[in-house]
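So the structure is just underneath, and the comments pick up after that.
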Amino acid sequence: MTSLSRRKPLTLAFCCSLAGTLAATFVGQVQAQAVAPFRVDPGLLGLPPLKAARPALAAPAEQPAVDARAVALPAADSTPTTKGTGAAAEGTTITPAAAPSTLPMASPPASAAAREPLPSEAPPVPAPSESALLPHSSESAEPVLATPAEAAAPVVPAPAVQLQPRAESYTPSPVVTPLATPLSAVKAGEDSAAEPMTRPAAQSPSAKPSPAVGGEQEISPRLPLPLRMAKTMVPPPKEEAVPRPAFLRAQRISGVIDRELLAEDDAELRKVGTVLTGDRLTYWPADDEVEAVGHARLEQGDDYIAGPRMRLKIDDRVGFVDQASYFMKKQPAVAVAAPGDASSDNLPGAEPGDEWTSGFAAPRTIKITPGQTVVKAKGPVGQVSEGRGDAERIDLEGENQYRLTAATYTTCKPGNDDWYLSAAELKLDYDNEVGSGDDATVRFFGVPIFHSPWVSFSLSDERKSGFLTPSYGATSDSGLVFTLPYYWNIAPNMDATISPRILTRRGLQVGTEVRYLNTAYGGSYRGDALVEVLPHDRETNSERWGVALTHTQTLAKGFSGAVNYSRVSDNNYYTDLSSQITSTAKTQLLEQGTLTYGGGGWWSATANVQSYQTLQPDAQNPVAQPYRLLPQITVNARQPDIYLTDSAFFGQYTNFVSAGATKVAGQVVIPSKVEGQRTVLQPQVSMPYVTPGWYVIPRVGANVTQYALSRPSSASLLPDSINRSLPIFSVDTGMTFERPSNWFGRDYIQTLEPRLFYLNIPYKNQNDIPVFDTALADFNFAQIFADNRYSGWDRINNANQLTAAVSSRLIDPSTGSEIMRAMLGQVFYFSQNKVLLPAAIGNPDWATSNYLAAFSGQVLPKLYADTALEYDPNNQQFQRFGFGAHYVPAPGKLLNASYSYNPDAATPIKQVDVSGQWPINGRWQAVGRYNYSFLQNVPVEIIGGLEYNAGCWALRAVAHRIQTTQADSNTQFFVQLELNGLTRVGSNPLSLIQRRIPGYVASQPLTDQALAEQ
């Protein structure tokens, strides 16, 4: 039966097969509201009036259709009926007494007298049992008058029900009866301010129902369920056994309850988490299936799919949409790791929730049950990913699973199709966060820039196997360079990147990088191995290769170890084949292995084996070869509180071995050096006295050194065994003063912190001791408070000196952060230092050292400065200085400028360095760096580039020139197009810019995305 058209839409709520039950009991629940109750006409739901309980009947052949017309709502009386001789009532018959012609919906407010309680003799009228309500046949609607045994009270009419026998007993609840006030008639679809008033009926003590007899059961009374407003709807658990309710709303609704419902004109179906709208909706509650025709739109959270027609199983998320447009907004998630997996939460010292910092995704051990094909993710992390597009058809294959036919995909905002991916078939898997498709083409402003018969890309930062986007560029030494890397996700804790690289002038180079991490032996380990091979270099007519390995591991019982090994085929490997100035400047390649024990708590020991491969890329500037340490064993111990003392011990044994032959400018050079073993023991005891305002720390120690040497024949007259013992005494003291201060209208705390350090070490001639690893330390604020002016143990200066320094700081009193700091210091020598390195000359002006001064901090709201200088008061000139300024008015705006000067012959520097990042307009920004050396009169490094950021894509073009040696330079060009959320095309200049321009902020984060799945 078709319902009449209403001026306001009708709303129906369904819960699968329980819809009839809920509708039948709804009246009994809501009519007991104390505040703003409402009533529902049973006729709107196609239900006849309530009839007496009786044995269960067979279900009718066809359920009544929904009829929204007004129906007669009779008044009803109730009286308990008994069966047998039991004292308690066993059944209750409720029948209408009259048939009014209008639909009673609400009653006006009752008088105060009408609100008085009913007499206690009034028998209770139980409400129908919720579990036993079924729609009755039409013949059950015949009115029958029931006469009460005592005073009868009017009750609210309820739908007719067919009761099913229940075996369990129950206790009746208080019965609620309406006031004896007339009900006003209200047309369907109209609002009324009149509300019926209710009051509880007094219950007779004798009116206790007995269990059902002979298949009959009494109607179970129950308390009213109050309805309250809520700000949010809390969805039920996904595994909830109770079906979720569905709400259907439209201008016109027709159909059969629990079978098929047709909603037309502005139709809307709501179910927890899902909203479906359309011109016409057909809903099958039993199958939880819906079909929408005309302006169909499915919304789930921020996602939506729209089209002219769709069909869907709501809870299963299975269906299809024709001629669809879609928008997906997903939060990347991390899968649940099983106990014992090698994730950061299970590593030693890790706290729950710690971020994994290995450089790639945390390893996962995923629990999969038999028959499970989808891995659910848990816990949102990372950035939200957005994607939209169109498709001829979208098939929904479960939650977070979409298959699109003849589809497009882009991350640009609606209305912006600057770039998009088109594919004959596209699969979006948001559970595994992977998109894949066939016959795919990437178009940029309508122009195809990439095509592949298959395509696969990450919808988040998750790792996956596949070809990465190719990169290309050019260098002056190697010509055009094209690289096509392949990423191999070997295991959750291991991956590899294989990078074939074509250099048009040199040939084909293949590089492989393997990364791994895991747990073993009560600890964890991780590593990175890189191998590069150029089988035949056409420029040098030779095979060239490079190897680099880093491995760190922690073991149980306090043990840990590390391996760092690097080696290349020739001296010019980095200058010819590397694009990084840090690599081209490499001349010493470390080859080292260490084993450390720290389980003692107050002491630790380290065994070290170390060697270097020394490169000689510039024949005009030969590089000295360091000794090999085979091995070096170091012991450190400290007890900070033994009888008010701070005791420490340092011990070290080192076996120095000459590095051997090397090639310089094609000539083999065999160094003639002394070799030997050195043993150093240095215990010390201090007695610190520290207060909040000042401190004094006297210290006494001794340095004992023993050498066992093997000298070449030219130095046979020198001793082979040398012992050196020197006492060390020092006193370190300082004070701290504070005062409130106001600078530029702001309040600060200003400190004044003077410090004195006295050092006394007697002189001992050390000219016969060879120099294995010792050099003059840099003169700075750390060194003037140290015992020795030399790095290493082959020289220990004599000292009778006093260091005086003062520092002042400005501190923000609200946050405690340091705004700026200024320092000044000088050393006063009471005796001349006589311990010198070979070929060194003593300073004739030895009474005082040079002045040291430094300043760092914020000088203006957006301007920061760093300055350090060394001034010679005897010659009245600066020995060295450096000035630097950083202007950062906003993120993405940066200017750096610095000047460095050092006339020292060993490391002469006279350079100016300017770099920055600055937006030209809303989308364009420029980056650059210029580093010029006034000593060589050449630019050391030049970077210049432009970036255009359109939001969903960015274009970068950068040129880079570096001075590899004093006579050679290398120039590179980078061009990159980034399609946000999909891929990057071209060579990546970001790592170069971030490394060489301090403070550079990328416009948006980048991730390595795979383009083709294995």
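A note on labels: chains of the structure tokens are A, B, ... as shown, every chain counts residues from 1, and ligands are counted from 1 in their shown order.
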
### Query
Counting only C-alpha atoms, what is within 7 Å of A:Glu264, bar same-chain residues fewer than 6 positions away, as a PyMOL selection string?
chain A and resi 250-253+279-281

Limited to N, CA, C and O atoms, could you put the picked residues into a file as a PDB file, in the first residue's frame?
```pdb
ATOM      1  N   ALA A 250      12.507  10.171   3.789  1.00  0.00           N
ATOM      2  CA  ALA A 250      12.166  10.594   2.443  1.00  0.00           C
ATOM      3  C   ALA A 250      10.844  11.342   2.461  1.00  0.00           C
ATOM      4  O   ALA A 250      10.122  11.366   3.479  1.00  0.00           O
ATOM      5  N   GLN A 251      10.472  11.953   1.328  1.00  0.00           N
ATOM      6  CA  GLN A 251       9.160  12.573   1.212  1.00  0.00           C
ATOM      7  C   GLN A 251       8.052  11.531   1.083  1.00  0.00           C
ATOM      8  O   GLN A 251       6.907  11.770   1.469  1.00  0.00           O
ATOM      9  N   ARG A 252       8.379  10.355   0.555  1.00  0.00           N
ATOM     10  CA  ARG A 252       7.370   9.315   0.364  1.00  0.00           C
ATOM     11  C   ARG A 252       8.028   7.967   0.585  1.00  0.00           C
ATOM     12  O   ARG A 252       9.079   7.682   0.006  1.00  0.00           O
ATOM     13  N   ILE A 253       7.418   7.143   1.449  1.00  0.00           N
ATOM     14  CA  ILE A 253       7.953   5.822   1.783  1.00  0.00           C
ATOM     15  C   ILE A 253       6.840   4.796   1.629  1.00  0.00           C
ATOM     16  O   ILE A 253       5.714   5.012   2.109  1.00  0.00           O
ATOM     17  N   ASP A 279      17.740  10.112  -5.316  1.00  0.00           N
ATOM     18  CA  ASP A 279      16.354  10.448  -5.653  1.00  0.00           C
ATOM     19  C   ASP A 279      15.412   9.327  -5.245  1.00  0.00           C
ATOM     20  O   ASP A 279      14.278   9.584  -4.819  1.00  0.00           O
ATOM     21  N   ARG A 280      15.857   8.083  -5.400  1.00  0.00           N
ATOM     22  CA  ARG A 280      15.017   6.933  -5.029  1.00  0.00           C
ATOM     23  C   ARG A 280      15.900   5.860  -4.419  1.00  0.00           C
ATOM     24  O   ARG A 280      16.936   5.502  -4.992  1.00  0.00           O
ATOM     25  N   LEU A 281      15.492   5.376  -3.261  1.00  0.00           N
ATOM     26  CA  LEU A 281      16.209   4.318  -2.573  1.00  0.00           C
ATOM     27  C   LEU A 281      15.298   3.123  -2.398  1.00  0.00           C
ATOM     28  O   LEU A 281      14.136   3.269  -1.989  1.00  0.00           O
TER      29      LEU A 281
END
```

### Query
Quick one: residues within 6 Å of A:Thr410, only C-alpha atoms counted, chain neighbours fewer than 4 positions away excluded, as a VMD selection string?
chain A and resid 387 to 388 420

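Close contacts of stretch 493-505 of chain A, defined as residues with an atom at most 8 Å away when counting only C-alpha atoms, with chain neighbours fewer than 6 positions off set aside, comprise Ala342, Ala362, Pro363, Arg364, Asp477, Ser478, Gly479, Leu480, Val481, Phe482, Thr483, Leu484, Pro485, Tyr486, Tyr487, Gly511, Thr512, Glu513, Val514, Arg515, Tyr516, Leu517, Asn518, Arg538 and Glu539 of chain A.
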
Kindly save the residues from that selection, with N, CA and C atoms included, as an mmCIF file, in the first residue's frame.
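File part.cif, as written:
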```
data_model
loop_
_atom_site.group_PDB
_atom_site.id
_atom_site.type_symbol
_atom_site.label_atom_id
_atom_site.label_comp_id
_atom_site.auth_asym_id
_atom_site.auth_seq_id
_atom_site.Cartn_x
_atom_site.Cartn_y
_atom_site.Cartn_z
ATOM 1 N N ALA A 342 60.715 -7.452 16.200
ATOM 2 C CA ALA A 342 61.850 -6.538 16.318
ATOM 3 C C ALA A 342 61.437 -5.121 16.024
ATOM 4 N N ALA A 362 59.268 0.540 10.468
ATOM 5 C CA ALA A 362 59.548 -0.423 11.529
ATOM 6 C C ALA A 362 59.156 -1.824 11.078
ATOM 7 N N PRO A 363 59.948 -2.831 11.422
ATOM 8 C CA PRO A 363 59.584 -4.197 11.045
ATOM 9 C C PRO A 363 58.333 -4.648 11.765
ATOM 10 N N ARG A 364 57.572 -5.526 11.115
ATOM 11 C CA ARG A 364 56.320 -5.966 11.690
ATOM 12 C C ARG A 364 56.204 -7.485 11.581
ATOM 13 N N ASP A 477 82.056 15.856 -15.689
ATOM 14 C CA ASP A 477 83.035 14.763 -15.779
ATOM 15 C C ASP A 477 82.451 13.498 -16.391
ATOM 16 N N SER A 478 81.158 13.227 -16.151
ATOM 17 C CA SER A 478 80.573 11.946 -16.568
ATOM 18 C C SER A 478 79.533 12.086 -17.660
ATOM 19 N N GLY A 479 79.152 13.289 -18.041
ATOM 20 C CA GLY A 479 78.141 13.468 -19.069
ATOM 21 C C GLY A 479 76.736 13.299 -18.511
ATOM 22 N N LEU A 480 75.819 12.863 -19.381
ATOM 23 C CA LEU A 480 74.452 12.618 -18.933
ATOM 24 C C LEU A 480 74.419 11.408 -18.011
ATOM 25 N N VAL A 481 73.604 11.512 -16.965
ATOM 26 C CA VAL A 481 73.516 10.439 -15.970
ATOM 27 C C VAL A 481 72.049 10.045 -15.837
ATOM 28 N N PHE A 482 71.755 8.749 -16.006
ATOM 29 C CA PHE A 482 70.395 8.233 -15.878
ATOM 30 C C PHE A 482 70.423 7.049 -14.921
ATOM 31 N N THR A 483 69.546 7.076 -13.918
ATOM 32 C CA THR A 483 69.496 6.023 -12.896
ATOM 33 C C THR A 483 68.069 5.498 -12.794
ATOM 34 N N LEU A 484 67.922 4.170 -12.818
ATOM 35 C CA LEU A 484 66.622 3.520 -12.650
ATOM 36 C C LEU A 484 66.713 2.571 -11.458
ATOM 37 N N PRO A 485 66.418 3.029 -10.249
ATOM 38 C CA PRO A 485 66.562 2.162 -9.072
ATOM 39 C C PRO A 485 65.370 1.220 -8.915
ATOM 40 N N TYR A 486 65.661 0.066 -8.359
ATOM 41 C CA TYR A 486 64.622 -0.913 -8.028
ATOM 42 C C TYR A 486 64.681 -1.177 -6.528
ATOM 43 N N TYR A 487 63.550 -1.027 -5.879
ATOM 44 C CA TYR A 487 63.482 -1.257 -4.430
ATOM 45 C C TYR A 487 62.933 -2.651 -4.171
ATOM 46 N N GLY A 511 74.901 -0.044 -8.515
ATOM 47 C CA GLY A 511 75.038 0.116 -7.071
ATOM 48 C C GLY A 511 73.943 -0.615 -6.340
ATOM 49 N N THR A 512 74.294 -1.212 -5.226
ATOM 50 C CA THR A 512 73.331 -1.950 -4.404
ATOM 51 C C THR A 512 73.514 -1.537 -2.957
ATOM 52 N N GLU A 513 72.417 -1.141 -2.328
ATOM 53 C CA GLU A 513 72.425 -0.789 -0.908
ATOM 54 C C GLU A 513 71.463 -1.720 -0.172
ATOM 55 N N VAL A 514 71.947 -2.346 0.876
ATOM 56 C CA VAL A 514 71.157 -3.275 1.690
ATOM 57 C C VAL A 514 71.085 -2.738 3.101
ATOM 58 N N ARG A 515 69.874 -2.703 3.663
ATOM 59 C CA ARG A 515 69.678 -2.268 5.044
ATOM 60 C C ARG A 515 68.989 -3.393 5.814
ATOM 61 N N TYR A 516 69.345 -3.525 7.076
ATOM 62 C CA TYR A 516 68.789 -4.613 7.879
ATOM 63 C C TYR A 516 68.802 -4.211 9.341
ATOM 64 N N LEU A 517 67.946 -4.830 10.116
ATOM 65 C CA LEU A 517 67.949 -4.704 11.568
ATOM 66 C C LEU A 517 67.165 -5.864 12.149
ATOM 67 N N ASN A 518 67.541 -6.235 13.384
ATOM 68 C CA ASN A 518 66.896 -7.374 14.018
ATOM 69 C C ASN A 518 67.342 -7.423 15.474
ATOM 70 N N ARG A 538 85.315 4.042 -19.416
ATOM 71 C CA ARG A 538 85.915 4.394 -20.697
ATOM 72 C C ARG A 538 86.865 5.586 -20.580
ATOM 73 N N GLU A 539 86.720 6.391 -19.550
ATOM 74 C CA GLU A 539 87.605 7.533 -19.378
ATOM 75 C C GLU A 539 88.971 7.112 -18.823
#
```

Fewer than 6 positions away in the same chain doesn't count, so skip those; otherwise give me all residues within 12 Å of A:Ile997, counting only C-alpha atoms, as an mmCIF file with all heavy atoms, in the first residue's frame.
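As written to disk, around_9.cif reads:
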```cif
data_model
loop_
_atom_site.group_PDB
_atom_site.id
_atom_site.type_symbol
_atom_site.label_atom_id
_atom_site.label_comp_id
_atom_site.auth_asym_id
_atom_site.auth_seq_id
_atom_site.Cartn_x
_atom_site.Cartn_y
_atom_site.Cartn_z
ATOM 1 N N HIS A 886 72.041 34.892 10.956
ATOM 2 C CA HIS A 886 70.933 34.103 10.419
ATOM 3 C C HIS A 886 69.656 34.917 10.592
ATOM 4 O O HIS A 886 69.295 35.276 11.720
ATOM 5 C CB HIS A 886 70.805 32.769 11.155
ATOM 6 C CG HIS A 886 72.105 32.053 11.325
ATOM 7 N ND1 HIS A 886 72.636 31.232 10.368
ATOM 8 C CD2 HIS A 886 73.003 32.044 12.354
ATOM 9 C CE1 HIS A 886 73.797 30.742 10.794
ATOM 10 N NE2 HIS A 886 74.041 31.228 11.998
ATOM 11 N N LEU A 894 64.710 32.530 4.686
ATOM 12 C CA LEU A 894 65.985 32.313 5.375
ATOM 13 C C LEU A 894 67.098 33.020 4.627
ATOM 14 O O LEU A 894 67.176 32.953 3.397
ATOM 15 C CB LEU A 894 66.283 30.805 5.440
ATOM 16 C CG LEU A 894 67.674 30.386 5.902
ATOM 17 C CD1 LEU A 894 67.843 30.653 7.383
ATOM 18 C CD2 LEU A 894 67.915 28.917 5.593
ATOM 19 N N LEU A 895 67.964 33.698 5.409
ATOM 20 C CA LEU A 895 69.177 34.288 4.870
ATOM 21 C C LEU A 895 70.325 33.990 5.833
ATOM 22 O O LEU A 895 70.212 34.250 7.036
ATOM 23 C CB LEU A 895 69.029 35.808 4.693
ATOM 24 C CG LEU A 895 68.090 36.289 3.579
ATOM 25 C CD1 LEU A 895 68.000 37.809 3.596
ATOM 26 C CD2 LEU A 895 68.548 35.796 2.210
ATOM 27 N N ASN A 896 71.421 33.429 5.307
ATOM 28 C CA ASN A 896 72.619 33.144 6.083
ATOM 29 C C ASN A 896 73.791 33.893 5.474
ATOM 30 O O ASN A 896 73.928 33.959 4.243
ATOM 31 C CB ASN A 896 72.936 31.644 6.083
ATOM 32 C CG ASN A 896 71.800 30.803 6.638
ATOM 33 O OD1 ASN A 896 71.212 31.152 7.644
ATOM 34 N ND2 ASN A 896 71.503 29.702 5.971
ATOM 35 N N ALA A 897 74.651 34.435 6.325
ATOM 36 C CA ALA A 897 75.860 35.102 5.859
ATOM 37 C C ALA A 897 76.953 34.890 6.893
ATOM 38 O O ALA A 897 76.709 35.006 8.100
ATOM 39 C CB ALA A 897 75.616 36.596 5.639
ATOM 40 N N ASP A 913 80.685 33.228 2.864
ATOM 41 C CA ASP A 913 79.648 32.226 2.556
ATOM 42 C C ASP A 913 78.283 32.887 2.728
ATOM 43 O O ASP A 913 77.956 33.384 3.816
ATOM 44 C CB ASP A 913 79.788 31.020 3.492
ATOM 45 C CG ASP A 913 78.969 29.832 3.012
ATOM 46 O OD1 ASP A 913 78.122 30.005 2.123
ATOM 47 O OD2 ASP A 913 79.174 28.727 3.541
ATOM 48 N N VAL A 914 77.500 32.901 1.671
ATOM 49 C CA VAL A 914 76.148 33.463 1.693
ATOM 50 C C VAL A 914 75.191 32.412 1.149
ATOM 51 O O VAL A 914 75.446 31.809 0.096
ATOM 52 C CB VAL A 914 76.046 34.754 0.858
ATOM 53 C CG1 VAL A 914 74.631 35.310 0.895
ATOM 54 C CG2 VAL A 914 77.037 35.789 1.353
ATOM 55 N N SER A 915 74.107 32.162 1.860
ATOM 56 C CA SER A 915 73.114 31.185 1.412
ATOM 57 C C SER A 915 71.740 31.634 1.877
ATOM 58 O O SER A 915 71.609 32.473 2.779
ATOM 59 C CB SER A 915 73.427 29.780 1.945
ATOM 60 O OG SER A 915 73.376 29.764 3.361
ATOM 61 N N GLY A 916 70.704 31.060 1.258
ATOM 62 C CA GLY A 916 69.368 31.448 1.667
ATOM 63 C C GLY A 916 68.282 30.752 0.887
ATOM 64 O O GLY A 916 68.520 30.034 -0.092
ATOM 65 N N GLN A 917 67.081 30.979 1.367
ATOM 66 C CA GLN A 917 65.847 30.476 0.766
ATOM 67 C C GLN A 917 64.814 31.590 0.910
ATOM 68 O O GLN A 917 64.581 32.089 2.012
ATOM 69 C CB GLN A 917 65.376 29.197 1.484
ATOM 70 C CG GLN A 917 63.995 28.716 1.087
ATOM 71 C CD GLN A 917 63.504 27.609 2.001
ATOM 72 O OE1 GLN A 917 64.075 27.378 3.081
ATOM 73 N NE2 GLN A 917 62.451 26.924 1.610
ATOM 74 N N VAL A 927 66.417 29.402 -4.080
ATOM 75 C CA VAL A 927 67.421 28.912 -3.132
ATOM 76 C C VAL A 927 68.796 29.137 -3.748
ATOM 77 O O VAL A 927 68.949 29.166 -4.979
ATOM 78 C CB VAL A 927 67.219 27.419 -2.790
ATOM 79 C CG1 VAL A 927 65.906 27.195 -2.071
ATOM 80 C CG2 VAL A 927 67.285 26.565 -4.056
ATOM 81 N N GLY A 928 69.795 29.312 -2.891
ATOM 82 C CA GLY A 928 71.133 29.514 -3.425
ATOM 83 C C GLY A 928 72.188 29.545 -2.348
ATOM 84 O O GLY A 928 71.899 29.738 -1.164
ATOM 85 N N ARG A 929 73.428 29.336 -2.781
ATOM 86 C CA ARG A 929 74.587 29.447 -1.898
ATOM 87 C C ARG A 929 75.798 29.853 -2.731
ATOM 88 O O ARG A 929 75.976 29.377 -3.865
ATOM 89 C CB ARG A 929 74.879 28.121 -1.193
ATOM 90 C CG ARG A 929 76.078 28.229 -0.249
ATOM 91 C CD ARG A 929 76.425 26.933 0.422
ATOM 92 N NE ARG A 929 77.504 27.117 1.381
ATOM 93 C CZ ARG A 929 78.092 26.123 2.045
ATOM 94 N NH1 ARG A 929 77.695 24.879 1.861
ATOM 95 N NH2 ARG A 929 79.063 26.389 2.887
ATOM 96 N N TYR A 930 76.613 30.744 -2.120
ATOM 97 C CA TYR A 930 77.838 31.175 -2.774
ATOM 98 C C TYR A 930 78.935 31.188 -1.721
ATOM 99 O O TYR A 930 78.911 31.972 -0.780
ATOM 100 C CB TYR A 930 77.665 32.562 -3.399
ATOM 101 C CG TYR A 930 78.859 33.017 -4.201
ATOM 102 C CD1 TYR A 930 79.043 32.561 -5.508
ATOM 103 C CD2 TYR A 930 79.799 33.890 -3.664
ATOM 104 C CE1 TYR A 930 80.138 32.972 -6.248
ATOM 105 C CE2 TYR A 930 80.903 34.307 -4.404
ATOM 106 C CZ TYR A 930 81.062 33.832 -5.696
ATOM 107 O OH TYR A 930 82.156 34.238 -6.436
ATOM 108 N N ASN A 931 79.932 30.311 -1.902
ATOM 109 C CA ASN A 931 81.064 30.191 -0.988
ATOM 110 C C ASN A 931 82.335 30.483 -1.779
ATOM 111 O O ASN A 931 82.703 29.730 -2.685
ATOM 112 C CB ASN A 931 81.096 28.786 -0.386
ATOM 113 C CG ASN A 931 82.151 28.630 0.693
ATOM 114 O OD1 ASN A 931 82.864 29.571 1.015
ATOM 115 N ND2 ASN A 931 82.247 27.439 1.246
ATOM 116 N N GLU A 941 82.038 26.660 -3.748
ATOM 117 C CA GLU A 941 80.770 25.995 -4.052
ATOM 118 C C GLU A 941 79.744 27.044 -4.464
ATOM 119 O O GLU A 941 79.649 28.112 -3.857
ATOM 120 C CB GLU A 941 80.257 25.200 -2.836
ATOM 121 C CG GLU A 941 78.992 24.426 -3.099
ATOM 122 C CD GLU A 941 78.576 23.553 -1.918
ATOM 123 O OE1 GLU A 941 78.994 23.866 -0.786
ATOM 124 O OE2 GLU A 941 77.832 22.586 -2.126
ATOM 125 N N ILE A 942 78.959 26.722 -5.491
ATOM 126 C CA ILE A 942 77.890 27.589 -5.963
ATOM 127 C C ILE A 942 76.634 26.739 -6.149
ATOM 128 O O ILE A 942 76.689 25.679 -6.793
ATOM 129 C CB ILE A 942 78.244 28.291 -7.285
ATOM 130 C CG1 ILE A 942 79.510 29.131 -7.129
ATOM 131 C CG2 ILE A 942 77.088 29.175 -7.753
ATOM 132 C CD1 ILE A 942 79.972 29.744 -8.431
ATOM 133 N N ILE A 943 75.524 27.179 -5.564
ATOM 134 C CA ILE A 943 74.223 26.516 -5.737
ATOM 135 C C ILE A 943 73.209 27.589 -6.115
ATOM 136 O O ILE A 943 73.138 28.649 -5.484
ATOM 137 C CB ILE A 943 73.767 25.795 -4.455
ATOM 138 C CG1 ILE A 943 74.742 24.689 -4.071
ATOM 139 C CG2 ILE A 943 72.368 25.223 -4.621
ATOM 140 C CD1 ILE A 943 74.410 24.013 -2.759
ATOM 141 N N GLY A 944 72.420 27.319 -7.128
ATOM 142 C CA GLY A 944 71.339 28.217 -7.514
ATOM 143 C C GLY A 944 70.161 27.413 -8.020
ATOM 144 O O GLY A 944 70.332 26.465 -8.799
ATOM 145 N N GLY A 945 68.967 27.755 -7.549
ATOM 146 C CA GLY A 945 67.813 26.986 -7.975
ATOM 147 C C GLY A 945 66.508 27.717 -7.762
ATOM 148 O O GLY A 945 66.423 28.691 -7.007
ATOM 149 N N PRO A 989 67.194 17.124 -5.901
ATOM 150 C CA PRO A 989 68.177 18.059 -5.355
ATOM 151 C C PRO A 989 67.973 18.355 -3.877
ATOM 152 O O PRO A 989 68.753 19.109 -3.291
ATOM 153 C CB PRO A 989 67.921 19.320 -6.190
ATOM 154 C CG PRO A 989 66.441 19.287 -6.426
ATOM 155 C CD PRO A 989 66.052 17.833 -6.522
ATOM 156 N N LEU A 990 66.918 17.805 -3.261
ATOM 157 C CA LEU A 990 66.588 18.202 -1.894
ATOM 158 C C LEU A 990 67.662 17.809 -0.896
ATOM 159 O O LEU A 990 67.979 18.570 0.017
ATOM 160 C CB LEU A 990 65.253 17.604 -1.479
ATOM 161 C CG LEU A 990 64.009 18.362 -1.952
ATOM 162 C CD1 LEU A 990 62.764 17.732 -1.384
ATOM 163 C CD2 LEU A 990 64.083 19.830 -1.578
ATOM 164 N N SER A 991 68.228 16.615 -1.031
ATOM 165 C CA SER A 991 69.262 16.201 -0.083
ATOM 166 C C SER A 991 70.466 17.133 -0.177
ATOM 167 O O SER A 991 71.087 17.479 0.833
ATOM 168 C CB SER A 991 69.675 14.758 -0.347
ATOM 169 O OG SER A 991 70.174 14.613 -1.670
#
```

### Task
Considering only C-alpha atoms, state which residue in the set A:Ala407, A:Leu726, A:Ala520, A:Ile305 is at the smallest distance from A:Pro683.
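Under the stated criterion, the closest residue is A:Leu726.
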